[in-house]
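Student: So that you have it, the file is target-v9.pdb, and it contains PDB, C-alpha atoms, pLDDT in the B column:
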ATOM      1  CA  MET G   1      18.482  -9.134   8.453  1.00 48.00           C
ATOM      2  CA  SER G   2      20.746  -9.362   5.396  1.00 55.00           C
ATOM      3  CA  ARG G   3      20.608  -6.780   2.638  1.00 63.00           C
ATOM      4  CA  ARG G   4      19.299  -9.354   0.130  1.00 66.00           C
ATOM      5  CA  SER G   5      16.496 -10.542   2.413  1.00 73.00           C
ATOM      6  CA  GLY G   6      15.615  -6.891   3.043  1.00 86.00           C
ATOM      7  CA  ILE G   7      15.237  -6.345  -0.702  1.00 88.00           C
ATOM      8  CA  LEU G   8      12.975  -9.394  -0.939  1.00 89.00           C
ATOM      9  CA  GLU G   9      10.767  -8.165   1.907  1.00 92.00           C
ATOM     10  CA  PHE G  10      10.511  -4.757   0.237  1.00 93.00           C
ATOM     11  CA  ALA G  11       9.487  -6.323  -3.081  1.00 92.00           C
ATOM     12  CA  VAL G  12       6.917  -8.644  -1.474  1.00 94.00           C
ATOM     13  CA  LEU G  13       5.293  -5.761   0.402  1.00 95.00           C
ATOM     14  CA  GLY G  14       5.224  -3.697  -2.785  1.00 93.00           C
ATOM     15  CA  LEU G  15       3.575  -6.432  -4.850  1.00 93.00           C
ATOM     16  CA  LEU G  16       1.007  -7.177  -2.151  1.00 95.00           C
ATOM     17  CA  ARG G  17       0.161  -3.495  -1.952  1.00 94.00           C
ATOM     18  CA  GLU G  18      -1.191  -3.903  -5.488  1.00 91.00           C
ATOM     19  CA  SER G  19      -3.352  -6.920  -4.610  1.00 93.00           C
ATOM     20  CA  PRO G  20      -3.431  -9.981  -2.318  1.00 95.00           C
ATOM     21  CA  MET G  21      -1.689 -13.063  -3.741  1.00 94.00           C
ATOM     22  CA  HIS G  22      -0.788 -16.601  -2.786  1.00 91.00           C
ATOM     23  CA  GLY G  23       2.794 -17.788  -2.709  1.00 89.00           C
ATOM     24  CA  TYR G  24       2.921 -19.161  -6.251  1.00 87.00           C
ATOM     25  CA  GLU G  25       1.575 -15.898  -7.690  1.00 90.00           C
ATOM     26  CA  LEU G  26       4.103 -13.907  -5.670  1.00 90.00           C
ATOM     27  CA  ARG G  27       7.019 -16.012  -6.843  1.00 87.00           C
ATOM     28  CA  LYS G  28       5.861 -15.702 -10.445  1.00 86.00           C
ATOM     29  CA  ARG G  29       5.613 -11.909 -10.173  1.00 88.00           C
ATOM     30  CA  LEU G  30       9.022 -11.707  -8.528  1.00 86.00           C
ATOM     31  CA  ASN G  31      10.501 -13.723 -11.385  1.00 82.00           C
ATOM     32  CA  THR G  32       8.751 -11.944 -14.256  1.00 79.00           C
ATOM     33  CA  SER G  33       8.365  -8.354 -13.025  1.00 72.00           C
ATOM     34  CA  LEU G  34      11.536  -8.163 -10.944  1.00 73.00           C
ATOM     35  CA  GLY G  35      14.192 -10.171 -12.735  1.00 67.00           C
ATOM     36  CA  ILE G  36      16.691  -9.763  -9.891  1.00 65.00           C
ATOM     37  CA  PHE G  37      14.727 -12.447  -8.016  1.00 69.00           C
ATOM     38  CA  ARG G  38      14.973 -15.177 -10.670  1.00 66.00           C
ATOM     39  CA  ALA G  39      17.275 -17.196  -8.423  1.00 62.00           C
ATOM     40  CA  PHE G  40      14.934 -17.068  -5.419  1.00 66.00           C
ATOM     41  CA  SER G  41      13.178 -20.295  -4.476  1.00 66.00           C
ATOM     42  CA  TYR G  42      10.158 -21.215  -2.389  1.00 68.00           C
ATOM     43  CA  GLY G  43      12.619 -22.082   0.366  1.00 78.00           C
ATOM     44  CA  THR G  44      13.611 -18.406   0.459  1.00 83.00           C
ATOM     45  CA  LEU G  45      10.199 -16.849  -0.159  1.00 88.00           C
ATOM     46  CA  TYR G  46       8.142 -18.644   2.476  1.00 89.00           C
ATOM     47  CA  PRO G  47      10.402 -17.833   5.448  1.00 91.00           C
ATOM     48  CA  CYS G  48      10.214 -14.217   4.279  1.00 92.00           C
ATOM     49  CA  LEU G  49       6.405 -14.389   4.216  1.00 94.00           C
ATOM     50  CA  LYS G  50       6.316 -15.948   7.691  1.00 94.00           C
ATOM     51  CA  THR G  51       8.533 -13.161   9.008  1.00 95.00           C
ATOM     52  CA  LEU G  52       6.272 -10.489   7.521  1.00 96.00           C
ATOM     53  CA  VAL G  53       3.213 -12.195   9.045  1.00 97.00           C
ATOM     54  CA  ALA G  54       4.938 -12.381  12.449  1.00 97.00           C
ATOM     55  CA  ASN G  55       5.729  -8.657  12.228  1.00 96.00           C
ATOM     56  CA  GLY G  56       2.060  -7.885  11.602  1.00 97.00           C
ATOM     57  CA  TRP G  57       2.664  -6.569   8.076  1.00 97.00           C
ATOM     58  CA  LEU G  58       0.806  -9.412   6.363  1.00 97.00           C
ATOM     59  CA  ILE G  59      -2.101 -11.656   7.242  1.00 96.00           C
ATOM     60  CA  GLU G  60      -2.816 -15.136   5.925  1.00 95.00           C
ATOM     61  CA  GLU G  61      -6.254 -15.932   4.515  1.00 92.00           C
ATOM     62  CA  PRO G  62      -7.667 -19.089   2.914  1.00 87.00           C
ATOM     63  CA  GLY G  63      -8.068 -19.109  -0.854  1.00 73.00           C
ATOM     64  CA  SER G  64     -11.309 -17.512  -1.998  1.00 62.00           C
ATOM     65  CA  ALA G  65     -12.368 -20.134  -4.570  1.00 56.00           C
ATOM     66  CA  PRO G  66     -14.475 -22.896  -2.849  1.00 52.00           C
ATOM     67  CA  GLU G  67     -13.741 -25.390  -5.619  1.00 48.00           C
ATOM     68  CA  ASP G  68     -10.009 -24.934  -5.087  1.00 53.00           C
ATOM     69  CA  ALA G  69     -10.369 -25.635  -1.379  1.00 50.00           C
ATOM     70  CA  LEU G  70     -12.512 -28.719  -2.093  1.00 49.00           C
ATOM     71  CA  ALA G  71     -10.043 -30.043  -4.657  1.00 50.00           C
ATOM     72  CA  ALA G  72      -7.176 -29.551  -2.249  1.00 51.00           C
ATOM     73  CA  SER G  73      -9.088 -31.347   0.502  1.00 48.00           C
ATOM     74  CA  LEU G  74      -9.898 -34.325  -1.721  1.00 46.00           C
ATOM     75  CA  ALA G  75      -6.276 -34.554  -2.803  1.00 48.00           C
ATOM     76  CA  GLY G  76      -5.064 -34.425   0.773  1.00 49.00           C
ATOM     77  CA  ARG G  77      -3.389 -31.067   0.267  1.00 56.00           C
ATOM     78  CA  ARG G  78      -3.756 -27.784   2.114  1.00 60.00           C
ATOM     79  CA  ALA G  79      -5.768 -25.054   0.412  1.00 64.00           C
ATOM     80  CA  LYS G  80      -3.685 -22.201  -0.941  1.00 82.00           C
ATOM     81  CA  ILE G  81      -2.958 -19.411   1.522  1.00 91.00           C
ATOM     82  CA  VAL G  82      -3.510 -15.872   0.294  1.00 95.00           C
ATOM     83  CA  TYR G  83      -1.322 -13.131   1.735  1.00 96.00           C
ATOM     84  CA  ARG G  84      -2.832  -9.690   2.276  1.00 96.00           C
ATOM     85  CA  LEU G  85      -1.090  -6.469   3.285  1.00 96.00           C
ATOM     86  CA  THR G  86      -2.241  -5.018   6.609  1.00 97.00           C
ATOM     87  CA  ALA G  87      -2.564  -1.330   7.446  1.00 97.00           C
ATOM     88  CA  ASP G  88       0.709  -1.584   9.401  1.00 97.00           C
ATOM     89  CA  GLY G  89       2.306  -3.298   6.421  1.00 96.00           C
ATOM     90  CA  LYS G  90       1.217  -0.531   4.097  1.00 96.00           C
ATOM     91  CA  GLU G  91       2.606   2.088   6.463  1.00 96.00           C
ATOM     92  CA  HIS G  92       5.883   0.188   6.746  1.00 96.00           C
ATOM     93  CA  PHE G  93       6.192  -0.099   2.958  1.00 96.00           C
ATOM     94  CA  GLU G  94       5.590   3.635   2.563  1.00 94.00           C
ATOM     95  CA  GLU G  95       8.387   4.267   5.065  1.00 94.00           C
ATOM     96  CA  LEU G  96      10.690   2.049   3.007  1.00 93.00           C
ATOM     97  CA  LEU G  97       9.694   3.926  -0.155  1.00 93.00           C
ATOM     98  CA  SER G  98      10.773   7.206   1.416  1.00 93.00           C
ATOM     99  CA  HIS G  99      14.257   5.879   2.180  1.00 90.00           C
ATOM    100  CA  THR G 100      16.925   7.468  -0.046  1.00 90.00           C
ATOM    101  CA  GLY G 101      20.160   6.434   1.665  1.00 88.00           C
ATOM    102  CA  PRO G 102      23.153   4.696   0.061  1.00 89.00           C
ATOM    103  CA  ASP G 103      21.510   1.247   0.151  1.00 88.00           C
ATOM    104  CA  ALA G 104      18.939   2.496  -2.366  1.00 90.00           C
ATOM    105  CA  TRP G 105      21.729   3.240  -4.848  1.00 91.00           C
ATOM    106  CA  GLU G 106      23.247  -0.258  -4.921  1.00 88.00           C
ATOM    107  CA  ASP G 107      22.679  -2.552  -7.895  1.00 86.00           C
ATOM    108  CA  GLU G 108      19.980  -4.943  -6.684  1.00 81.00           C
ATOM    109  CA  HIS G 109      18.286  -2.566  -4.269  1.00 88.00           C
ATOM    110  CA  PHE G 110      18.096   0.156  -6.920  1.00 92.00           C
ATOM    111  CA  ALA G 111      16.462  -2.244  -9.392  1.00 88.00           C
ATOM    112  CA  ALA G 112      13.798  -3.138  -6.816  1.00 89.00           C
ATOM    113  CA  ARG G 113      13.266   0.515  -5.894  1.00 91.00           C
ATOM    114  CA  PHE G 114      12.955   1.501  -9.548  1.00 92.00           C
ATOM    115  CA  ALA G 115      10.281  -1.163 -10.112  1.00 90.00           C
ATOM    116  CA  PHE G 116       8.069   0.691  -7.610  1.00 92.00           C
ATOM    117  CA  PHE G 117       8.794   4.241  -8.755  1.00 93.00           C
ATOM    118  CA  GLY G 118       5.140   4.541  -9.795  1.00 91.00           C
ATOM    119  CA  GLN G 119       4.274   4.450  -6.069  1.00 91.00           C
ATOM    120  CA  THR G 120       7.132   6.752  -5.025  1.00 94.00           C
ATOM    121  CA  GLU G 121       7.008  10.506  -4.457  1.00 93.00           C
ATOM    122  CA  ARG G 122       8.714  12.631  -7.122  1.00 93.00           C
ATOM    123  CA  ASP G 123      11.278  14.172  -4.749  1.00 94.00           C
ATOM    124  CA  VAL G 124      12.228  10.724  -3.464  1.00 95.00           C
ATOM    125  CA  ARG G 125      12.615   9.446  -7.022  1.00 95.00           C
ATOM    126  CA  MET G 126      14.960  12.343  -7.775  1.00 95.00           C
ATOM    127  CA  ARG G 127      17.141  11.683  -4.732  1.00 95.00           C
ATOM    128  CA  VAL G 128      17.404   7.975  -5.540  1.00 96.00           C
ATOM    129  CA  LEU G 129      18.234   8.631  -9.203  1.00 97.00           C
ATOM    130  CA  GLU G 130      20.833  11.268  -8.371  1.00 96.00           C
ATOM    131  CA  GLY G 131      22.367   9.057  -5.692  1.00 96.00           C
ATOM    132  CA  ARG G 132      22.544   6.129  -8.112  1.00 96.00           C
ATOM    133  CA  ARG G 133      24.177   8.333 -10.741  1.00 97.00           C
ATOM    134  CA  SER G 134      26.748   9.583  -8.236  1.00 96.00           C
ATOM    135  CA  ARG G 135      27.552   6.013  -7.188  1.00 95.00           C
ATOM    136  CA  LEU G 136      28.051   4.912 -10.806  1.00 96.00           C
ATOM    137  CA  GLU G 137      30.196   7.928 -11.640  1.00 96.00           C
ATOM    138  CA  GLU G 138      32.470   6.987  -8.725  1.00 96.00           C
ATOM    139  CA  ARG G 139      32.583   3.399  -9.984  1.00 94.00           C
ATOM    140  CA  LEU G 140      33.366   4.552 -13.509  1.00 95.00           C
ATOM    141  CA  GLU G 141      36.242   6.737 -12.324  1.00 96.00           C
ATOM    142  CA  LYS G 142      37.775   3.795 -10.452  1.00 94.00           C
ATOM    143  CA  MET G 143      37.366   1.522 -13.478  1.00 94.00           C
ATOM    144  CA  ARG G 144      39.107   4.027 -15.749  1.00 93.00           C
ATOM    145  CA  ALA G 145      41.961   4.474 -13.302  1.00 93.00           C
ATOM    146  CA  SER G 146      42.368   0.711 -12.942  1.00 91.00           C
ATOM    147  CA  LEU G 147      42.363   0.222 -16.706  1.00 91.00           C
ATOM    148  CA  ALA G 148      44.979   2.944 -17.188  1.00 91.00           C
ATOM    149  CA  ARG G 149      47.280   1.209 -14.666  1.00 90.00           C
ATOM    150  CA  THR G 150      46.914  -2.311 -16.018  1.00 89.00           C
ATOM    151  CA  ARG G 151      46.259  -1.831 -19.753  1.00 87.00           C
ATOM    152  CA  GLU G 152      49.726  -2.927 -20.864  1.00 87.00           C
ATOM    153  CA  ARG G 153      49.615  -6.112 -18.756  1.00 89.00           C
ATOM    154  CA  LEU G 154      46.238  -7.319 -20.072  1.00 88.00           C
ATOM    155  CA  ASP G 155      45.691  -9.597 -23.041  1.00 91.00           C
ATOM    156  CA  ASP G 156      43.235  -8.542 -25.728  1.00 91.00           C
ATOM    157  CA  TYR G 157      40.272 -10.491 -24.325  1.00 93.00           C
ATOM    158  CA  THR G 158      40.673  -9.294 -20.754  1.00 92.00           C
ATOM    159  CA  LEU G 159      41.069  -5.746 -22.035  1.00 91.00           C
ATOM    160  CA  GLU G 160      37.874  -6.104 -24.056  1.00 93.00           C
ATOM    161  CA  LEU G 161      36.039  -7.383 -20.976  1.00 92.00           C
ATOM    162  CA  GLN G 162      37.204  -4.337 -19.035  1.00 91.00           C
ATOM    163  CA  ARG G 163      35.969  -2.049 -21.795  1.00 92.00           C
ATOM    164  CA  HIS G 164      32.635  -3.841 -21.919  1.00 94.00           C
ATOM    165  CA  GLY G 165      32.153  -3.283 -18.189  1.00 94.00           C
ATOM    166  CA  MET G 166      32.945   0.403 -18.542  1.00 95.00           C
ATOM    167  CA  GLU G 167      30.551   0.778 -21.466  1.00 96.00           C
ATOM    168  CA  SER G 168      27.764  -0.831 -19.419  1.00 95.00           C
ATOM    169  CA  VAL G 169      28.264   1.678 -16.617  1.00 96.00           C
ATOM    170  CA  GLU G 170      28.477   4.576 -19.093  1.00 97.00           C
ATOM    171  CA  ARG G 171      25.180   3.503 -20.685  1.00 97.00           C
ATOM    172  CA  GLU G 172      23.441   3.460 -17.330  1.00 96.00           C
ATOM    173  CA  VAL G 173      24.792   6.910 -16.464  1.00 97.00           C
ATOM    174  CA  ARG G 174      23.370   8.263 -19.733  1.00 97.00           C
ATOM    175  CA  TRP G 175      20.050   6.531 -19.001  1.00 97.00           C
ATOM    176  CA  LEU G 176      19.970   8.063 -15.528  1.00 97.00           C
ATOM    177  CA  ASN G 177      20.741  11.501 -16.969  1.00 97.00           C
ATOM    178  CA  GLU G 178      17.704  11.199 -19.241  1.00 96.00           C
ATOM    179  CA  LEU G 179      15.455  10.101 -16.379  1.00 96.00           C
ATOM    180  CA  ILE G 180      16.668  12.890 -14.099  1.00 96.00           C
ATOM    181  CA  GLU G 181      16.124  15.490 -16.815  1.00 95.00           C
ATOM    182  CA  SER G 182      12.624  14.139 -17.433  1.00 94.00           C
ATOM    183  CA  GLU G 183      11.816  14.249 -13.712  1.00 93.00           C
ATOM    184  CA  ARG G 184      13.045  17.844 -13.526  1.00 91.00           C
ATOM    185  CA  SER G 185      11.013  18.827 -16.585  1.00 88.00           C
ATOM    186  CA  GLY G 186       7.896  17.269 -15.095  1.00 80.00           C
ATOM    187  CA  ARG G 187       8.447  19.066 -11.787  1.00 71.00           C
ATOM    188  CA  ASP G 188       8.898  22.391 -13.576  1.00 64.00           C
ATOM    189  CA  GLN G 189       5.665  21.801 -15.494  1.00 66.00           C
ATOM    190  CA  MET G 190       3.801  21.124 -12.251  1.00 62.00           C
ATOM    191  CA  ARG G 191       5.139  24.362 -10.745  1.00 64.00           C
ATOM    192  CA  SER G 192       4.347  26.477 -13.822  1.00 63.00           C
ATOM    193  CA  GLY G 193       0.650  25.583 -13.753  1.00 59.00           C
ATOM    194  CA  PRO G 194      -1.776  23.624 -15.976  1.00 53.00           C
ATOM    195  CA  GLU G 195      -0.778  24.923 -19.389  1.00 50.00           C
ATOM    196  CA  GLU G 196      -0.208  21.518 -20.965  1.00 49.00           C
ATOM    197  CA  PRO G 197      -1.845  20.406 -24.247  1.00 49.00           C
ATOM    198  CA  ALA G 198      -4.989  18.363 -23.771  1.00 45.00           C
ATOM    199  CA  GLU G 199      -3.505  15.431 -25.652  1.00 47.00           C
ATOM    200  CA  GLN G 200      -0.439  15.197 -23.381  1.00 46.00           C
ATOM    201  CA  GLU G 201       0.333  11.659 -22.369  1.00 46.00           C
ATOM    202  CA  ALA G 202      -0.268  10.777 -18.746  1.00 43.00           C
ATOM    203  CA  GLY G 203       3.240   9.425 -18.202  1.00 45.00           C
ATOM    204  CA  GLU G 204       4.894  12.657 -19.394  1.00 45.00           C
ATOM    205  CA  ALA G 205       3.036  14.735 -16.831  1.00 43.00           C
ATOM    206  CA  ASP G 206       4.601  12.590 -14.136  1.00 51.00           C
ATOM    207  CA  GLY G 207       8.090  13.388 -15.334  1.00 50.00           C
ATOM    208  CA  LEU G 208       8.649  10.271 -17.453  1.00 53.00           C
ATOM    209  CA  PRO G 209       9.906  10.389 -21.026  1.00 50.00           C
ATOM    210  CA  ARG G 210       7.199  10.489 -23.703  1.00 43.00           C
ATOM    211  CA  HIS G 211       8.358   7.204 -25.244  1.00 43.00           C
ATOM    212  CA  ARG G 212       8.288   5.127 -22.044  1.00 43.00           C
ATOM    213  CA  ASP G 213       5.323   3.005 -23.096  1.00 41.00           C
ATOM    214  CA  ALA G 214       5.190  -0.782 -22.952  1.00 38.00           C
ATOM    215  CA  ALA G 215       7.977  -0.755 -20.397  1.00 40.00           C
ATOM    216  CA  SER G 216       9.931  -3.878 -19.713  1.00 41.00           C
ATOM    217  CA  PRO G 217      10.432  -5.205 -16.133  1.00 40.00           C
ATOM    218  CA  GLY G 218      11.771  -2.528 -13.851  1.00 43.00           C
ATOM    219  CA  GLY G 219      10.293   0.260 -15.966  1.00 45.00           C
ATOM    220  CA  THR G 220      12.918   0.300 -18.727  1.00 47.00           C
ATOM    221  CA  PRO G 221      11.463   1.325 -22.096  1.00 45.00           C
ATOM    222  CA  PRO G 222      12.067  -0.958 -25.076  1.00 43.00           C
ATOM    223  CA  GLY G 223      15.098  -0.060 -27.133  1.00 44.00           C
ATOM    224  CA  ARG G 224      16.655   1.817 -24.203  1.00 46.00           C
ATOM    225  CA  PRO G 225      19.346   0.286 -21.990  1.00 47.00           C
ATOM    226  CA  GLY G 226      18.204  -0.323 -18.421  1.00 52.00           C
ATOM    227  CA  PRO G 227      20.348  -0.867 -15.348  1.00 54.00           C
ATOM    228  CA  PRO G 228      23.002  -3.375 -16.398  1.00 52.00           C
ATOM    229  CA  ASP G 229      23.336  -6.729 -14.699  1.00 54.00           C
ATOM    230  CA  PRO G 230      25.722  -6.301 -11.742  1.00 48.00           C
ATOM    231  CA  SER G 231      27.622  -9.332 -13.022  1.00 46.00           C
ATOM    232  CA  ALA G 232      28.704  -7.230 -16.040  1.00 49.00           C
ATOM    233  CA  ASP G 233      30.932  -5.099 -13.806  1.00 51.00           C
ATOM    234  CA  PRO G 234      34.343  -6.766 -13.928  1.00 48.00           C
ATOM    235  CA  THR G 235      35.572  -4.905 -10.857  1.00 47.00           C
ATOM    236  CA  LYS G 236      33.201  -6.840  -8.555  1.00 44.00           C
TER     237      LYS G 236
END
In structure tokens, what does this structure look like?
Tutor:
Amino acid sequence: MSRRSGILEFAVLGLLRESPMHGYELRKRLNTSLGIFRAFSYGTLYPCLKTLVANGWLIEEPGSAPEDALAASLAGRRAKIVYRLTADGKEHFEELLSHTGPDAWEDEHFAARFAFFGQTERDVRMRVLEGRRSRLEERLEKMRASLARTRERLDDYTLELQRHGMESVEREVRWLNELIESERSGRDQMRSGPEEPAEQEAGEADGLPRHRDAASPGGTPPGRPGPPDPSADPTK
């Protein structure tokens, strides 16, 4: 199984953990909630669904609306299939959520993992965030070294592109620093006991910044830079 198909399977299991859906709903959620899947097509999604069904992690059920089934029958079409997460599928997804190895720090996999941080244990979130930060700091060091070696040979536009890539990585490192500090503050509050003000926001108690309301896809608050598009990194 390729890394990209593994990310798709993870995202599908995570979305179906929230509620059963048919294929069109799943593709829409993948496109709108998880922007990294905008390029995925039905030709990619349905083989993934069939694989998950074959593994026993999903089951297929007919659509619940009788009028939809009747309309499909009259039109000579199949009724929509609804996909539901099984108990084994839920257990498998929870195992994937607990994974904190290097794959979880890469660009696309991290974005998918971050989208499901609300279902992830605090300690796991911390390890993923710290691993991602470490990976980006290594990338930033290589970018700076490369720029120092080639600066004099680059024209103004190429040099500006290099700087733009570095700034994107630097922004994400700062964003990760804020998230890690918030997670640590929330953990310290949990350890110190229930001495929080009654009007404390629910998100803050879970270690998230106070202003992380109305989050955009992937959990990034408005006005704050989220994980940059991997295509912005000129070293790739």
Student: Name the closest residue to Ala11 (chain G) among the candidates G:Glu108, G:Glu167, G:Glu130, G:Asp103; distances are taken between atoms, counting all atoms listed in the file.
Tutor: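 Of G:Glu108, G:Glu167, G:Glu130, G:Asp103, the one nearest Ala11 (chain G), counting all atoms listed in the file, is G:Glu108.
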Student: What gap, in Å, lies between CA of Glu60 (chain G) and CA of Gly23 (chain G)?
Tutor: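 Computing the Euclidean distance for CA of Glu60 (chain G) and CA of Gly23 (chain G) yields 10.6 Å.
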Student: To one decimal place, how far is CA of Leu136 (chain G) from CA of Tyr157 (chain G) in Å?
Tutor: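 Straight-line distance from CA of Leu136 (chain G) to CA of Tyr157 (chain G) works out to 23.9 Å.
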Student: Taking the file as shown, what set of residues would the PyMOL selection byres ((chain G and resi 122) around 9) give back, as a PyMOL selection string?
Tutor: chain G and resi 117+120-121+123-127+183+187+206-207
Student: List, as a list in words, every residue that the PyMOL selection byres ((chain G and resi 85) around 10) selects in the file provided.
Tutor: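 Expected selection for the PyMOL selection byres ((chain G and resi 85) around 10) here is Val12, Leu13, Gly14, Leu15, Leu16, Arg17, Glu18, Ser19, Pro20, Met21, Leu52, Val53, Gly56, Trp57, Leu58, Ile59, Glu60, Tyr83, Arg84, Thr86, Ala87, Asp88, Gly89, Lys90, Glu91 and Phe93 of chain G.
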